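In what follows, a structure is listed as structure tokens, so that the remarks can point back to it.
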Amino acid sequence: MSDDKSRKTPSINDLGSNATPEQIGEAVQATLNEFKEGFEKIDRANLERRARAVQTNFQGVCDEWAKRDFWLIREGINLLMREHPETRSYDEKFTKLWAFARTCIGPGGSLFVVNPEAKALTKAALSDKYRVRPADLLAWAKSKQVLVPQELLAAVYGDAPVTPTSAGTASQEEKKRARRQSIRQFKEVVYRRAKEVGLEWAVNNGPINVTKAEFKDLFERYTGVSPEDQVKLETFKLDLKELGIPFARGVKKRSNNDLGKLFNA
């Protein structure tokens, strides 16, 4: 005698015209379960695919996503954590970084989002609403001492990763390279913000309309450069020259400069 429990419940497509309401109900539920199992199987396959991509070629993942003009905050935070941007695991690590990021969004905040007017039913859901430009998110992360994967820096800014020495301490050449990488990132943020508020020199891609000393001061404060890593103004000017960052001539230092307006300094 066969065990009724071992028999598969027929799906809705298997029923005949004489099926009872109870049979129809069971068949509908069986069909829904099949769909659920199918979706779960697809989800598991996607999770495995993303995990493999991060483990075997995180640089490739970063390169692909760096081509986008915007990231959802969730996608960007995942990348900062060396996770695939499409990951939806709201674990403790993600939750803490997202909660910290939220405190920096708003008028005068250090994390610039392109759609601050976005609404959602919950704070967690806002991570799927707010959009950021890659350079803005990376500049914010570095200013708050949030570790940014070198693969992500390389993808967004086109730089090869800075590799520490075997002793774990960067050489002077490596420090210079990392500093110039940060300067270039900050310059891009400056031009982007200046264009968005309509500053003429930025709209026309002209020279930055502040002194180099003012630029250096805000760069160090905005990116969180420690006192021991700060360089002399002459060294910084050489960085700017070799990076090809133009500055307007004859500009005088003033308390209410253009950068101060942009960053509420």
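Residues are named by chain letter and number: chains run A, B, ... in the order of the structure tokens, numbers start at 1 in each chain, and ligands are numbered from 1 in the order shown.
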
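Near Val251 of chain A, within 9 Å and counting only C-alpha atoms, sit Asn209, Val210 and Thr211 of chain A; same-chain residues fewer than 6 positions away were not included.
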
Fill in: Shell of 12 Å around Cys104 of chain A, only C-alpha atoms, local chain residues under 5 positions omitted, as a ChimeraX atom specification
/A:97-99,109-113,116,137,140-141,143-144

Worksheet item: Please, what distance in Å, to one decimal, runs between atom CA of Glu151 of chain A and atom CA of Gln59 of chain A?
Response: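 For atom CA of Glu151 of chain A relative to atom CA of Gln59 of chain A, the distance reads 5.2 Å.
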
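Interatomic distance, atom CA of Arg133 of chain A to atom CA of Val148 of chain A: 15.0 Å.
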
Fill in: Nearest to Gly206 of chain A, chosen from A:Val231, A:Ile183, A:Leu243, A:Ala248, with only C-alpha atoms counted in the distances
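Of all the options, A:Ala248 lies closest to Gly206 of chain A.
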
Practice prompt. Give me, please, the distance in Å between atom CA of Lys67 of chain A and atom CA of Tyr130 of chain A, quoted to one decimal.
Written response: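 Between atom CA of Lys67 of chain A and atom CA of Tyr130 of chain A the gap works out to 18.3 Å.
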
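Minimum atom-to-atom distances from A:Ser127, A:Gln185, A:Ser226, A:Gln172 to Leu153 of chain A were compared using only C-alpha atoms, and the lowest value belongs to A:Gln185.
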
Worksheet item: Using only C-alpha atoms, which residues sit within 9 Å of segment 82-95 of chain A once same-chain residues fewer than 3 positions away are excluded, as a list in words?
Response: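 Returned residues: Leu47, Arg50, Ala51, Ala53, Val54, Phe58, Val61, Cys62, Trp65, Trp71, Leu72, Arg74, Glu75, Gly76, Ile77, Asn78, Leu79, Trp98, Ala99, Phe100, Ala124, Val148, Pro149 and Leu152 of chain A.
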
Limited to N, CA and C atoms, could you put the picked residues into a file as a PDB file, in the first residue's frame?
ATOM      1  N   LEU A  47      23.271  34.343  -5.586  1.00  0.00           N
ATOM      2  CA  LEU A  47      24.150  34.588  -4.449  1.00  0.00           C
ATOM      3  C   LEU A  47      25.504  33.922  -4.659  1.00  0.00           C
ATOM      4  N   ARG A  50      27.498  35.839  -7.364  1.00  0.00           N
ATOM      5  CA  ARG A  50      28.065  37.095  -6.875  1.00  0.00           C
ATOM      6  C   ARG A  50      29.236  36.842  -5.932  1.00  0.00           C
ATOM      7  N   ALA A  51      29.078  35.835  -5.067  1.00  0.00           N
ATOM      8  CA  ALA A  51      30.157  35.510  -4.137  1.00  0.00           C
ATOM      9  C   ALA A  51      31.416  35.082  -4.889  1.00  0.00           C
ATOM     10  N   ALA A  53      32.219  35.938  -7.946  1.00  0.00           N
ATOM     11  CA  ALA A  53      32.756  37.102  -8.654  1.00  0.00           C
ATOM     12  C   ALA A  53      33.615  37.952  -7.728  1.00  0.00           C
ATOM     13  N   VAL A  54      33.154  38.137  -6.479  1.00  0.00           N
ATOM     14  CA  VAL A  54      33.909  38.941  -5.515  1.00  0.00           C
ATOM     15  C   VAL A  54      35.194  38.233  -5.109  1.00  0.00           C
ATOM     16  N   PHE A  58      37.359  40.592  -7.778  1.00  0.00           N
ATOM     17  CA  PHE A  58      36.731  41.784  -7.223  1.00  0.00           C
ATOM     18  C   PHE A  58      37.072  43.016  -8.058  1.00  0.00           C
ATOM     19  N   VAL A  61      34.587  43.268 -10.792  1.00  0.00           N
ATOM     20  CA  VAL A  61      33.297  43.771 -10.308  1.00  0.00           C
ATOM     21  C   VAL A  61      33.359  45.290 -10.173  1.00  0.00           C
ATOM     22  N   CYS A  62      34.442  45.786  -9.574  1.00  0.00           N
ATOM     23  CA  CYS A  62      34.601  47.234  -9.393  1.00  0.00           C
ATOM     24  C   CYS A  62      34.682  47.947 -10.739  1.00  0.00           C
ATOM     25  N   TRP A  65      31.166  48.263 -12.250  1.00  0.00           N
ATOM     26  CA  TRP A  65      30.272  49.215 -11.598  1.00  0.00           C
ATOM     27  C   TRP A  65      30.793  50.643 -11.644  1.00  0.00           C
ATOM     28  N   TRP A  71      25.388  55.316  -8.128  1.00  0.00           N
ATOM     29  CA  TRP A  71      25.133  54.090  -7.372  1.00  0.00           C
ATOM     30  C   TRP A  71      24.023  54.380  -6.383  1.00  0.00           C
ATOM     31  N   LEU A  72      23.206  53.372  -6.099  1.00  0.00           N
ATOM     32  CA  LEU A  72      22.367  53.455  -4.911  1.00  0.00           C
ATOM     33  C   LEU A  72      23.302  53.400  -3.701  1.00  0.00           C
ATOM     34  N   ARG A  74      23.035  51.719  -1.112  1.00  0.00           N
ATOM     35  CA  ARG A  74      23.233  50.305  -0.751  1.00  0.00           C
ATOM     36  C   ARG A  74      24.323  49.672  -1.593  1.00  0.00           C
ATOM     37  N   GLU A  75      24.299  49.940  -2.893  1.00  0.00           N
ATOM     38  CA  GLU A  75      25.304  49.366  -3.782  1.00  0.00           C
ATOM     39  C   GLU A  75      26.706  49.861  -3.420  1.00  0.00           C
ATOM     40  N   GLY A  76      26.806  51.170  -3.147  1.00  0.00           N
ATOM     41  CA  GLY A  76      28.101  51.735  -2.803  1.00  0.00           C
ATOM     42  C   GLY A  76      28.650  51.211  -1.490  1.00  0.00           C
ATOM     43  N   ILE A  77      27.780  51.089  -0.484  1.00  0.00           N
ATOM     44  CA  ILE A  77      28.220  50.575   0.810  1.00  0.00           C
ATOM     45  C   ILE A  77      28.685  49.129   0.673  1.00  0.00           C
ATOM     46  N   ASN A  78      27.960  48.346  -0.117  1.00  0.00           N
ATOM     47  CA  ASN A  78      28.398  46.966  -0.353  1.00  0.00           C
ATOM     48  C   ASN A  78      29.803  46.936  -0.937  1.00  0.00           C
ATOM     49  N   LEU A  79      30.076  47.784  -1.905  1.00  0.00           N
ATOM     50  CA  LEU A  79      31.403  47.818  -2.513  1.00  0.00           C
ATOM     51  C   LEU A  79      32.464  48.231  -1.494  1.00  0.00           C
ATOM     52  N   TRP A  98      25.619  52.055   7.136  1.00  0.00           N
ATOM     53  CA  TRP A  98      24.494  52.785   6.565  1.00  0.00           C
ATOM     54  C   TRP A  98      23.955  53.797   7.571  1.00  0.00           C
ATOM     55  N   ALA A  99      23.869  53.414   8.835  1.00  0.00           N
ATOM     56  CA  ALA A  99      23.394  54.348   9.870  1.00  0.00           C
ATOM     57  C   ALA A  99      24.345  55.530   9.995  1.00  0.00           C
ATOM     58  N   PHE A 100      25.653  55.273   9.910  1.00  0.00           N
ATOM     59  CA  PHE A 100      26.642  56.353   9.974  1.00  0.00           C
ATOM     60  C   PHE A 100      26.515  57.267   8.756  1.00  0.00           C
ATOM     61  N   ALA A 124      15.745  52.182   6.525  1.00  0.00           N
ATOM     62  CA  ALA A 124      16.481  51.134   5.825  1.00  0.00           C
ATOM     63  C   ALA A 124      16.184  51.182   4.331  1.00  0.00           C
ATOM     64  N   VAL A 148      38.588  52.172   2.114  1.00  0.00           N
ATOM     65  CA  VAL A 148      38.127  52.015   0.740  1.00  0.00           C
ATOM     66  C   VAL A 148      39.012  50.982   0.044  1.00  0.00           C
ATOM     67  N   PRO A 149      38.439  49.906  -0.475  1.00  0.00           N
ATOM     68  CA  PRO A 149      39.260  48.896  -1.159  1.00  0.00           C
ATOM     69  C   PRO A 149      40.072  49.519  -2.299  1.00  0.00           C
ATOM     70  N   LEU A 152      38.578  49.329  -5.704  1.00  0.00           N
ATOM     71  CA  LEU A 152      37.524  50.293  -5.997  1.00  0.00           C
ATOM     72  C   LEU A 152      38.125  51.641  -6.382  1.00  0.00           C
TER      73      LEU A 152
END

Worksheet item: Using the chain letters and numbers from this document, which residues of segment 19-243 of chain A does DSSP assign to helix (DSSP H, G or I), as an NGL selection string?
Response: :A and (21-66 or 73-80 or 92-102 or 124-128 or 134-143 or 150-157 or 172-196 or 200-203 or 212-222 or 227-229 or 233-243)
